[in-house]
Amino acid sequence: MKQETIAIHAGNHTDEFTGAVVQPITLSTTFERMKDGSFREGHIYSRASNPNRASLENVLAKLENGVDAAAFASGNAAGMAVFQSLAPGTHIIAPDDMYHGLRNQLKLLFAGILEFDFIDVDNSEVLNAHIKPNTGLIWVETPSNPLLKITDIKKVVAIARKHKIKVACDNTFASPVCQQPLTLGADIVMHSSTKYFGGHSDLMGGALVTAEDNDWWQRIREIQTMGGAIPSPQDCYMLTRSIKTLPYRIRGHVSNAQALAEFLQQQPAVEQVLYPGLPSHPGHEVAKQQMTGFGGMLSFTLKDGPEAANRVINKLQLFTRATSLGGVESLIEHRATMEGPDTKTPFNLLRISAGLEHIDDLIADMKQGLMR
Ligand SMILES: *Cc1c(COP(=O)(O)O)cnc(C)c1O
């Protein structure tokens, strides 16, 4: 089935007892045993599994073309489960512009437990040079945050396979509608469901989807259910509800991002626009091959430096000055301030999450925002 159909049906079922067309929220933390000791649907206790989480995990697995998914309380909890699943002493290779929250996790929480190098993962020569006998995982994030750098997933997978190294891909920026890393050979996909899956800036969530049900995946499942960083039944319900419109929302995000990128590129005050949908973007050709849409995120730099960035961001009326992404409302942020002192993000850069407002209104606002 196609994604539009999966999105609507794989996370929902008509209630057997009441006929409710929309699956109800099951708040019960515990489930009755039958006289023979068995459980009706296999649910025993809600930390281990719950009907709403089961439906959410089902739709997530199918959307990413995986065999199973595990839902978490946040994207960071999902990422952390991957790091916790690795044997102490394992070496991780991660991108030098990895999502700062996960980079900080490695640096501050896993120092002394895991080894890691932050490098340009898309550069094969550099990647090969950093592979060690204890390298167990290569982390990919494409398009990256906030520079929208494209990493060739197939190329990284080919190198990893040679050394029996696993590949995990943070697919938050693309969403499965624009990119399916498991289809390109990755072992695990990670998501912040807080972003496009939730889509309305009103819930936190994370997910992992696996290509294979193996020992590694079972270890991750144990971390999910024993660690307990799970989403509530309400949040699972909200997510399955939002996911029904994901493929259509993503089309709007992508088309607005493309139009904004093309508009910004023509503005004299703008130094550079970073969007993989622009032929001028260095990753455009690879993006065209591995993505089915270029996503709803873009960044741009201003010729007149940080002062100009500050002026523009404060003049905009329709774009909300806030971090995060993937909601129906357009957001803009000065990313370097958000990332802290060790950021590599240029100070004249603004990052946009293109929302679903009408493009004419977004461009009109941007036009007045760029005027001196
Ligand atoms: C937001 C985000 C995360 C972290 O997810 P949370 O839900 O905030 O914990 C990880 N990776 C990327 C690319 C993100 O944008």
# chains A, B, ... in the order shown; residues from 1 in each chain; ligands from 1
>>> select_by_dssp(residues="range 37-286 of chain A", states="strand (DSSP E)", output="VMD selection string")
chain A and resid 68 to 72 91 to 95 115 to 119 135 to 141 166 to 170 188 to 192 206 to 210 270 to 274
>>> residues_around(residues="range 276-281 of chain A", least_positions_apart="3", cutoff="7 Å", atoms="only C-alpha atoms", output="list in words")
Leu148, Gln258, His284, Ala287 and Phe294 of chain A
>>> write_last_selection(atoms="N, CA and C atoms", output="PDB file, in the first residue's frame")
ATOM      1  N   LEU A 148      21.736  21.799   6.484  1.00  0.00           N
ATOM      2  CA  LEU A 148      21.061  21.079   5.399  1.00  0.00           C
ATOM      3  C   LEU A 148      22.054  20.345   4.508  1.00  0.00           C
ATOM      4  N   GLN A 258      10.460  25.121  -0.799  1.00  0.00           N
ATOM      5  CA  GLN A 258      11.077  25.322  -2.117  1.00  0.00           C
ATOM      6  C   GLN A 258      10.829  26.764  -2.599  1.00  0.00           C
ATOM      7  N   HIS A 284      22.573  18.658  -3.942  1.00  0.00           N
ATOM      8  CA  HIS A 284      21.340  18.551  -4.729  1.00  0.00           C
ATOM      9  C   HIS A 284      21.232  17.234  -5.504  1.00  0.00           C
ATOM     10  N   ALA A 287      20.679  14.310  -3.178  1.00  0.00           N
ATOM     11  CA  ALA A 287      19.331  14.458  -2.605  1.00  0.00           C
ATOM     12  C   ALA A 287      18.280  14.018  -3.615  1.00  0.00           C
ATOM     13  N   PHE A 294      12.339  17.367  -0.966  1.00  0.00           N
ATOM     14  CA  PHE A 294      13.545  17.949  -0.355  1.00  0.00           C
ATOM     15  C   PHE A 294      13.319  18.464   1.071  1.00  0.00           C
TER      16      PHE A 294
END
>>> atom_distance(atom1="CA of Arg335 in chain A", atom2="CA of His100 in chain A")
10.7 Å
>>> residues_near_ligand(ligand="ligand 1", cutoff="9 Å", atoms="only C-alpha atoms and all ligand atoms", output="tab-separated table (two decimals) with all heavy atoms, in the first residue's frame")
chain	number	residue	atom	x	y	z
A	73	ALA	N	9.56	8.56	24.61
A	73	ALA	CA	8.97	9.79	25.14
A	73	ALA	C	9.53	11.04	24.46
A	73	ALA	O	8.94	12.12	24.58
A	73	ALA	CB	9.20	9.86	26.65
A	74	SER	N	10.65	10.92	23.76
A	74	SER	CA	11.22	12.06	23.02
A	74	SER	C	12.20	11.51	22.01
A	74	SER	O	12.60	10.34	22.09
A	74	SER	CB	11.94	13.02	23.98
A	74	SER	OG	13.12	12.42	24.48
A	75	GLY	N	12.61	12.36	21.10
A	75	GLY	CA	13.63	11.97	20.13
A	75	GLY	C	14.94	11.65	20.85
A	75	GLY	O	15.63	10.69	20.51
A	76	ASN	N	15.26	12.46	21.86
A	76	ASN	CA	16.50	12.21	22.60
A	76	ASN	C	16.48	10.87	23.33
A	76	ASN	O	17.51	10.19	23.41
A	76	ASN	CB	16.76	13.35	23.59
A	76	ASN	CG	17.69	14.41	23.01
A	76	ASN	OD1	17.79	14.53	21.80
A	76	ASN	ND2	18.35	15.15	23.87
A	77	ALA	N	15.31	10.48	23.84
A	77	ALA	CA	15.20	9.18	24.51
A	77	ALA	C	15.41	8.05	23.49
A	77	ALA	O	16.03	7.03	23.81
A	77	ALA	CB	13.85	9.03	25.20
A	78	ALA	N	14.93	8.24	22.27
A	78	ALA	CA	15.12	7.23	21.22
A	78	ALA	C	16.60	7.11	20.87
A	78	ALA	O	17.15	6.01	20.79
A	78	ALA	CB	14.29	7.60	19.99
A	79	GLY	N	17.25	8.26	20.68
A	79	GLY	CA	18.68	8.26	20.37
A	79	GLY	C	19.48	7.62	21.49
A	79	GLY	O	20.39	6.81	21.26
A	98	MET	N	26.12	16.91	13.94
A	98	MET	CA	25.05	16.11	14.54
A	98	MET	C	24.12	16.99	15.37
A	98	MET	O	24.58	17.97	15.99
A	98	MET	CB	25.70	15.08	15.48
A	98	MET	CG	24.77	14.09	16.13
A	98	MET	SD	25.74	13.08	17.30
A	98	MET	CE	24.77	11.58	17.36
A	99	TYR	N	22.82	16.65	15.42
A	99	TYR	CA	21.86	17.37	16.26
A	99	TYR	C	22.48	17.60	17.63
A	99	TYR	O	22.91	16.64	18.29
A	99	TYR	CB	20.55	16.57	16.37
A	99	TYR	CG	19.62	17.17	17.38
A	99	TYR	CD1	18.96	18.37	17.11
A	99	TYR	CD2	19.41	16.57	18.62
A	99	TYR	CE1	18.12	18.94	18.05
A	99	TYR	CE2	18.57	17.14	19.56
A	99	TYR	CZ	17.93	18.32	19.27
A	99	TYR	OH	17.11	18.89	20.21
A	100	HIS	N	22.53	18.86	18.09
A	100	HIS	CA	23.33	19.20	19.27
A	100	HIS	C	22.92	18.45	20.53
A	100	HIS	O	23.75	18.12	21.37
A	100	HIS	CB	23.33	20.72	19.49
A	100	HIS	CG	22.00	21.25	19.94
A	100	HIS	ND1	21.82	21.81	21.18
A	100	HIS	CD2	20.80	21.29	19.34
A	100	HIS	CE1	20.55	22.17	21.30
A	100	HIS	NE2	19.91	21.88	20.19
A	101	GLY	N	21.62	18.13	20.65
A	101	GLY	CA	21.14	17.41	21.84
A	101	GLY	C	21.73	16.01	21.94
A	101	GLY	O	22.04	15.53	23.04
A	102	LEU	N	21.90	15.37	20.80
A	102	LEU	CA	22.46	14.02	20.81
A	102	LEU	C	23.99	14.06	20.90
A	102	LEU	O	24.61	13.21	21.54
A	102	LEU	CB	22.01	13.24	19.57
A	102	LEU	CG	20.51	12.89	19.58
A	102	LEU	CD1	20.08	12.26	18.26
A	102	LEU	CD2	20.17	11.95	20.73
A	141	GLU	N	22.92	11.79	9.70
A	141	GLU	CA	21.79	12.72	9.83
A	141	GLU	C	21.73	13.51	8.53
A	141	GLU	O	22.62	14.30	8.25
A	141	GLU	CB	22.02	13.64	11.03
A	141	GLU	CG	20.86	14.58	11.31
A	141	GLU	CD	21.16	15.55	12.46
A	141	GLU	OE1	21.94	15.21	13.37
A	141	GLU	OE2	20.61	16.67	12.41
A	142	THR	N	20.71	13.27	7.74
A	142	THR	CA	20.62	13.93	6.44
A	142	THR	C	19.17	14.19	6.05
A	142	THR	O	18.36	13.27	6.18
A	142	THR	CB	21.36	13.12	5.35
A	142	THR	OG1	21.23	13.80	4.09
A	142	THR	CG2	20.82	11.69	5.17
A	143	PRO	N	18.79	15.39	5.63
A	143	PRO	CA	19.60	16.61	5.64
A	143	PRO	C	19.97	16.98	7.08
A	143	PRO	O	19.20	16.72	7.99
A	143	PRO	CB	18.67	17.66	5.04
A	143	PRO	CG	17.58	16.91	4.34
A	143	PRO	CD	17.44	15.62	5.06
A	144	SER	N	21.11	17.62	7.24
A	144	SER	CA	21.60	17.89	8.59
A	144	SER	C	21.04	19.23	9.10
A	144	SER	O	20.51	20.03	8.35
A	144	SER	CB	23.13	17.90	8.60
A	144	SER	OG	23.62	19.11	8.05
A	145	ASN	N	21.22	19.40	10.38
A	145	ASN	CA	20.65	20.52	11.11
A	145	ASN	C	21.78	21.41	11.63
A	145	ASN	O	22.58	20.92	12.40
A	145	ASN	CB	19.85	19.94	12.29
A	145	ASN	CG	19.27	20.98	13.19
A	145	ASN	OD1	19.09	22.12	12.80
A	145	ASN	ND2	18.98	20.60	14.41
A	146	PRO	N	21.86	22.65	11.31
A	146	PRO	CA	20.96	23.47	10.48
A	146	PRO	C	21.53	23.76	9.09
A	146	PRO	O	20.98	24.58	8.37
A	146	PRO	CB	20.89	24.77	11.28
A	146	PRO	CG	22.31	24.92	11.79
A	146	PRO	CD	22.85	23.53	11.98
A	170	ASP	N	19.26	9.45	11.57
A	170	ASP	CA	18.28	10.39	12.12
A	170	ASP	C	17.52	10.97	10.93
A	170	ASP	O	18.05	11.77	10.17
A	170	ASP	CB	19.02	11.48	12.92
A	170	ASP	CG	18.07	12.46	13.61
A	170	ASP	OD1	16.90	12.57	13.18
A	170	ASP	OD2	18.52	13.14	14.55
A	171	ASN	N	16.25	10.55	10.79
A	171	ASN	CA	15.46	10.93	9.62
A	171	ASN	C	14.43	12.02	9.95
A	171	ASN	O	13.46	12.20	9.21
A	171	ASN	CB	14.74	9.68	9.07
A	171	ASN	CG	14.40	9.78	7.60
A	171	ASN	OD1	15.10	10.47	6.85
A	171	ASN	ND2	13.33	9.13	7.18
A	172	THR	N	14.67	12.72	11.05
A	172	THR	CA	13.71	13.72	11.52
A	172	THR	C	13.44	14.81	10.49
A	172	THR	O	12.29	15.16	10.24
A	172	THR	CB	14.22	14.37	12.83
A	172	THR	OG1	14.41	13.34	13.80
A	172	THR	CG2	13.26	15.40	13.37
A	173	PHE	N	14.50	15.35	9.89
A	173	PHE	CA	14.32	16.47	8.96
A	173	PHE	C	13.57	16.06	7.70
A	173	PHE	O	12.81	16.84	7.15
A	173	PHE	CB	15.69	17.06	8.57
A	173	PHE	CG	16.07	18.27	9.37
A	173	PHE	CD1	15.87	18.31	10.73
A	173	PHE	CD2	16.65	19.37	8.75
A	173	PHE	CE1	16.21	19.42	11.47
A	173	PHE	CE2	17.00	20.50	9.49
A	173	PHE	CZ	16.78	20.52	10.85
A	190	MET	N	16.04	6.74	13.24
A	190	MET	CA	15.63	7.43	14.46
A	190	MET	C	14.80	8.66	14.08
A	190	MET	O	15.08	9.31	13.06
A	190	MET	CB	16.88	7.88	15.22
A	190	MET	CG	16.60	8.55	16.54
A	190	MET	SD	17.43	10.15	16.59
A	190	MET	CE	16.06	11.19	16.97
A	191	HIS	N	13.79	8.96	14.89
A	191	HIS	CA	12.97	10.15	14.67
A	191	HIS	C	12.74	10.91	15.96
A	191	HIS	O	12.57	10.30	17.02
A	191	HIS	CB	11.57	9.75	14.15
A	191	HIS	CG	11.52	9.57	12.68
A	191	HIS	ND1	11.52	10.64	11.82
A	191	HIS	CD2	11.49	8.46	11.92
A	191	HIS	CE1	11.48	10.18	10.58
A	191	HIS	NE2	11.47	8.86	10.60
A	192	SER	N	12.65	12.21	15.84
A	192	SER	CA	11.99	13.01	16.86
A	192	SER	C	10.55	13.16	16.36
A	192	SER	O	10.29	13.90	15.41
A	192	SER	CB	12.65	14.38	17.00
A	192	SER	OG	11.80	15.21	17.76
A	193	SER	N	9.61	12.45	16.99
A	193	SER	CA	8.19	12.54	16.59
A	193	SER	C	7.59	13.88	16.98
A	193	SER	O	6.48	14.22	16.56
A	193	SER	CB	7.36	11.44	17.24
A	193	SER	OG	8.07	10.23	17.28
A	194	THR	N	8.35	14.61	17.83
A	194	THR	CA	7.96	15.97	18.22
A	194	THR	C	7.80	16.85	16.98
A	194	THR	O	7.08	17.84	17.02
A	194	THR	CB	9.09	16.56	19.11
A	194	THR	OG1	9.47	15.59	20.08
A	194	THR	CG2	8.67	17.84	19.79
A	195	LYS	N	8.46	16.50	15.91
A	195	LYS	CA	8.53	17.36	14.73
A	195	LYS	C	7.42	17.00	13.73
A	195	LYS	O	6.27	17.24	14.02
A	195	LYS	CB	9.93	17.26	14.12
A	195	LYS	CG	11.07	17.32	15.18
A	195	LYS	CD	11.13	18.64	15.92
A	195	LYS	CE	12.06	18.61	17.15
A	195	LYS	NZ	13.41	18.20	16.89
A	203	LEU	N	3.31	18.13	21.15
A	203	LEU	CA	3.64	16.91	21.89
A	203	LEU	C	5.10	16.54	21.67
A	203	LEU	O	5.71	16.92	20.67
A	203	LEU	CB	2.74	15.74	21.47
A	203	LEU	CG	2.84	15.20	20.04
A	203	LEU	CD1	3.92	14.13	19.92
A	203	LEU	CD2	1.51	14.61	19.63
A	204	MET	N	5.66	15.80	22.64
A	204	MET	CA	7.03	15.30	22.54
A	204	MET	C	6.97	13.80	22.25
A	204	MET	O	6.13	13.10	22.81
A	204	MET	CB	7.80	15.47	23.86
A	204	MET	CG	7.98	16.90	24.36
A	204	MET	SD	9.14	17.92	23.45
A	204	MET	CE	10.63	16.95	23.50
A	205	GLY	N	7.87	13.34	21.40
A	205	GLY	CA	7.93	11.91	21.14
A	205	GLY	C	9.17	11.57	20.34
A	205	GLY	O	9.81	12.43	19.74
A	206	GLY	N	9.49	10.29	20.34
A	206	GLY	CA	10.62	9.81	19.56
A	206	GLY	C	10.35	8.40	19.08
A	206	GLY	O	9.43	7.74	19.59
A	324	SER	N	12.69	24.41	17.23
A	324	SER	CA	11.89	23.25	16.81
A	324	SER	C	11.42	23.42	15.37
A	324	SER	O	11.76	24.40	14.69
A	324	SER	CB	10.72	22.99	17.74
A	324	SER	OG	10.22	21.68	17.52
A	325	LEU	N	10.66	22.44	14.89
A	325	LEU	CA	10.30	22.38	13.47
A	325	LEU	C	9.14	21.42	13.26
A	325	LEU	O	8.74	20.70	14.17
A	325	LEU	CB	11.50	21.91	12.64
A	325	LEU	CG	12.06	20.51	12.95
A	325	LEU	CD1	12.09	19.65	11.72
A	325	LEU	CD2	13.46	20.63	13.51
A	326	GLY	N	8.63	21.45	12.04
A	326	GLY	CA	7.66	20.43	11.64
A	326	GLY	C	6.22	20.74	11.98
A	326	GLY	O	5.34	19.93	11.69
>>> closest_residue(among="A:Leu264, A:Ala211, A:Leu246, A:Leu86", to="Ile6 in chain A", atoms="only C-alpha atoms")
A:Leu246
>>> closest_residue(among="A:Glu57, A:Glu329, A:Asp187, A:Asp97", to="Ile359 in chain A", atoms="only C-alpha atoms")
A:Glu329
>>> closest_residue(among="A:Ala70, A:Val59, A:Cys178, A:Ala10", to="Gln224 in chain A", atoms="only C-alpha atoms")
A:Ala70
>>> residues_around(residues="Asn123 in chain A", least_positions_apart="6", cutoff="12 Å", atoms="only C-alpha atoms", output="ChimeraX atom specification")
/A:95-96,129-130,149-153,155-156,159
>>> write_last_selection(atoms="C-alpha atoms", output="JSON list (two decimals), in the first residue's frame")
[["chain", "number", "residue", "atom", "x", "y", "z"],
["A", 95, "PRO", "CA", 28.55, 13.75, 11.95],
["A", 96, "ASP", "CA", 30.40, 16.91, 12.99],
["A", 129, "ALA", "CA", 40.38, 6.90, 8.09],
["A", 130, "HIS", "CA", 38.32, 6.97, 11.30],
["A", 149, "LYS", "CA", 24.12, 19.09, 4.40],
["A", 150, "ILE", "CA", 23.32, 15.94, 2.44],
["A", 151, "THR", "CA", 25.00, 12.64, 3.28],
["A", 152, "ASP", "CA", 24.92, 9.89, 0.66],
["A", 153, "ILE", "CA", 23.31, 7.10, 2.72],
["A", 155, "LYS", "CA", 27.73, 5.31, 0.09],
["A", 156, "VAL", "CA", 28.05, 5.24, 3.90],
["A", 159, "ILE", "CA", 31.61, 1.36, 3.65]]
>>> closest_residue(among="A:Gln3, A:Asn256, A:Asn12, A:Thr30", to="Ser55 in chain A", atoms="only C-alpha atoms")
A:Asn12
>>> atom_distance(atom1="CA of Glu212 in chain A", atom2="CA of Tyr237 in chain A")
25.8 Å
>>> select_by_dssp(residues="range 70-199 of chain A", states="helix (DSSP H, G or I)", output="ChimeraX atom specification")
/A:75-84,100-109,124-130,153-162,175-178
>>> closest_residue(among="A:Ile230, A:Lys166, A:Trp216, A:Ile243", to="Gly199 in chain A", atoms="only C-alpha atoms")
A:Ile243
>>> residues_around(residues="Lys132 in chain A", least_positions_apart="4", cutoff="10 Å", atoms="only C-alpha atoms", output="PDB file with N, CA and C atoms, in the first residue's frame")
ATOM      1  N   THR A  90      32.497   0.596  22.781  1.00  0.00           N
ATOM      2  CA  THR A  90      32.203   0.683  21.348  1.00  0.00           C
ATOM      3  C   THR A  90      32.519   2.089  20.841  1.00  0.00           C
ATOM      4  N   HIS A  91      33.054   2.139  19.630  1.00  0.00           N
ATOM      5  CA  HIS A  91      33.391   3.420  18.994  1.00  0.00           C
ATOM      6  C   HIS A  91      32.276   3.813  18.031  1.00  0.00           C
ATOM      7  N   ILE A  92      31.797   5.048  18.172  1.00  0.00           N
ATOM      8  CA  ILE A  92      30.747   5.584  17.295  1.00  0.00           C
ATOM      9  C   ILE A  92      31.344   6.666  16.413  1.00  0.00           C
ATOM     10  N   ILE A  93      31.005   6.629  15.130  1.00  0.00           N
ATOM     11  CA  ILE A  93      31.356   7.734  14.237  1.00  0.00           C
ATOM     12  C   ILE A  93      30.077   8.517  13.968  1.00  0.00           C
ATOM     13  N   ASN A 128      36.667   6.454   6.153  1.00  0.00           N
ATOM     14  CA  ASN A 128      37.530   5.267   6.195  1.00  0.00           C
ATOM     15  C   ASN A 128      38.676   5.435   7.178  1.00  0.00           C
ATOM     16  N   GLY A 136      31.467   0.390  16.077  1.00  0.00           N
ATOM     17  CA  GLY A 136      30.255  -0.431  16.020  1.00  0.00           C
ATOM     18  C   GLY A 136      29.078   0.262  15.367  1.00  0.00           C
ATOM     19  N   HIS A 163      32.938  -3.395   6.901  1.00  0.00           N
ATOM     20  CA  HIS A 163      33.546  -3.554   8.224  1.00  0.00           C
ATOM     21  C   HIS A 163      32.557  -4.109   9.245  1.00  0.00           C
TER      22      HIS A 163
END
>>> atom_distance(atom1="CA of His253 in chain A", atom2="CA of Thr337 in chain A")
24.8 Å
>>> residues_around(residues="range 311-323 of chain A", least_positions_apart="4", cutoff="12 Å", atoms="only C-alpha atoms", output="PyMOL selection string")
chain A and resi 145-146+194-195+201+269-270+300-307+327-339+348-372
>>> write_last_selection(atoms="C-alpha atoms", output="compact mmCIF listing (two decimals), in the first residue's frame")
# COMPACT_ATOMS: atom_id res chain seq x y z
CA ASN A 145 20.65 20.52 11.11
CA PRO A 146 20.96 23.47 10.48
CA THR A 194 7.96 15.97 18.22
CA LYS A 195 8.53 17.36 14.73
CA SER A 201 4.06 21.66 18.01
CA ALA A 269 20.50 41.07 1.30
CA VAL A 270 20.88 37.29 1.29
CA PHE A 300 19.96 31.27 4.87
CA THR A 301 22.81 33.59 5.69
CA LEU A 302 22.79 37.39 5.46
CA LYS A 303 25.48 39.49 3.80
CA ASP A 304 25.45 42.08 6.59
CA GLY A 305 26.28 39.57 9.30
CA PRO A 306 24.65 38.80 12.67
CA GLU A 307 23.21 42.33 13.02
CA GLY A 327 4.57 22.25 12.92
CA VAL A 328 1.86 23.85 10.80
CA GLU A 329 3.11 27.33 11.77
CA SER A 330 6.30 28.71 10.20
CA LEU A 331 9.18 29.15 12.65
CA ILE A 332 12.44 31.02 12.36
CA GLU A 333 15.42 30.91 14.67
CA HIS A 334 18.92 32.19 15.16
CA ARG A 335 20.42 28.73 15.43
CA ALA A 336 23.90 29.58 16.74
CA THR A 337 22.44 31.12 19.92
CA MET A 338 20.38 27.96 20.50
CA GLU A 339 23.31 25.58 20.07
CA ASN A 348 24.60 35.31 10.28
CA LEU A 349 22.44 32.21 9.70
CA LEU A 350 18.69 31.96 10.19
CA ARG A 351 16.89 28.62 10.08
CA ILE A 352 13.31 28.32 8.83
CA SER A 353 10.77 25.60 9.40
CA ALA A 354 8.34 26.26 6.54
CA GLY A 355 4.79 25.93 7.84
CA LEU A 356 1.54 25.46 6.01
CA GLU A 357 0.38 29.08 5.72
CA HIS A 358 -0.30 30.33 2.20
CA ILE A 359 3.00 30.88 0.40
CA ASP A 360 1.99 34.39 -0.78
CA ASP A 361 1.61 35.50 2.85
CA LEU A 362 4.93 33.94 3.87
CA ILE A 363 6.77 35.60 0.99
CA ALA A 364 5.09 38.98 1.63
CA ASP A 365 6.24 38.82 5.26
CA MET A 366 9.76 37.80 4.28
CA LYS A 367 9.88 40.63 1.73
CA GLN A 368 9.03 43.27 4.35
CA GLY A 369 11.35 41.57 6.86
CA LEU A 370 14.32 41.92 4.51
CA MET A 371 13.66 45.59 3.77
CA ARG A 372 15.99 47.97 5.56
>>> residues_around(residues="His13 in chain A", least_positions_apart="4", cutoff="10 Å", atoms="only C-alpha atoms", output="PyMOL selection string")
chain A and resi 8-9+19-24+55
>>> closest_residue(among="A:Gly198, A:Pro176, A:Gly293, A:Gly112", to="Leu60 in chain A", atoms="only C-alpha atoms")
A:Pro176
>>> decode(residues="range 21-53 of chain A", atoms="C-alpha atoms", output="mmCIF file, in the first residue's frame")
data_model
loop_
_atom_site.group_PDB
_atom_site.id
_atom_site.type_symbol
_atom_site.label_atom_id
_atom_site.label_comp_id
_atom_site.auth_asym_id
_atom_site.auth_seq_id
_atom_site.Cartn_x
_atom_site.Cartn_y
_atom_site.Cartn_z
ATOM 1 C CA VAL A 21 -14.365 4.065 14.139
ATOM 2 C CA VAL A 22 -11.470 5.778 15.869
ATOM 3 C CA GLN A 23 -9.447 3.604 18.233
ATOM 4 C CA PRO A 24 -10.088 4.767 21.814
ATOM 5 C CA ILE A 25 -7.343 5.859 24.206
ATOM 6 C CA THR A 26 -6.616 3.018 26.626
ATOM 7 C CA LEU A 27 -5.561 4.597 29.892
ATOM 8 C CA SER A 28 -5.454 1.402 31.936
ATOM 9 C CA THR A 29 -1.972 0.609 33.166
ATOM 10 C CA THR A 30 -2.782 -3.054 33.732
ATOM 11 C CA PHE A 31 -4.670 -5.743 31.816
ATOM 12 C CA GLU A 32 -6.837 -8.623 33.024
ATOM 13 C CA ARG A 33 -5.606 -12.194 32.770
ATOM 14 C CA MET A 34 -7.932 -14.813 31.276
ATOM 15 C CA LYS A 35 -8.746 -17.882 33.426
ATOM 16 C CA ASP A 36 -6.117 -19.862 31.511
ATOM 17 C CA GLY A 37 -3.521 -17.215 32.455
ATOM 18 C CA SER A 38 -3.249 -15.670 28.998
ATOM 19 C CA PHE A 39 -3.848 -12.021 28.033
ATOM 20 C CA ARG A 40 -6.476 -11.037 25.417
ATOM 21 C CA GLU A 41 -4.210 -9.000 23.135
ATOM 22 C CA GLY A 42 -0.881 -9.734 24.780
ATOM 23 C CA HIS A 43 -0.846 -6.479 26.791
ATOM 24 C CA ILE A 44 0.080 -7.067 30.445
ATOM 25 C CA TYR A 45 1.326 -3.770 31.870
ATOM 26 C CA SER A 46 1.558 -0.446 30.034
ATOM 27 C CA ARG A 47 5.283 0.170 30.417
ATOM 28 C CA ALA A 48 5.857 -2.988 28.339
ATOM 29 C CA SER A 49 3.048 -2.423 25.820
ATOM 30 C CA ASN A 50 -0.242 -0.610 25.399
ATOM 31 C CA PRO A 51 -2.859 -0.702 22.607
ATOM 32 C CA ASN A 52 -2.239 2.912 21.547
ATOM 33 C CA ARG A 53 1.519 2.464 21.510
#
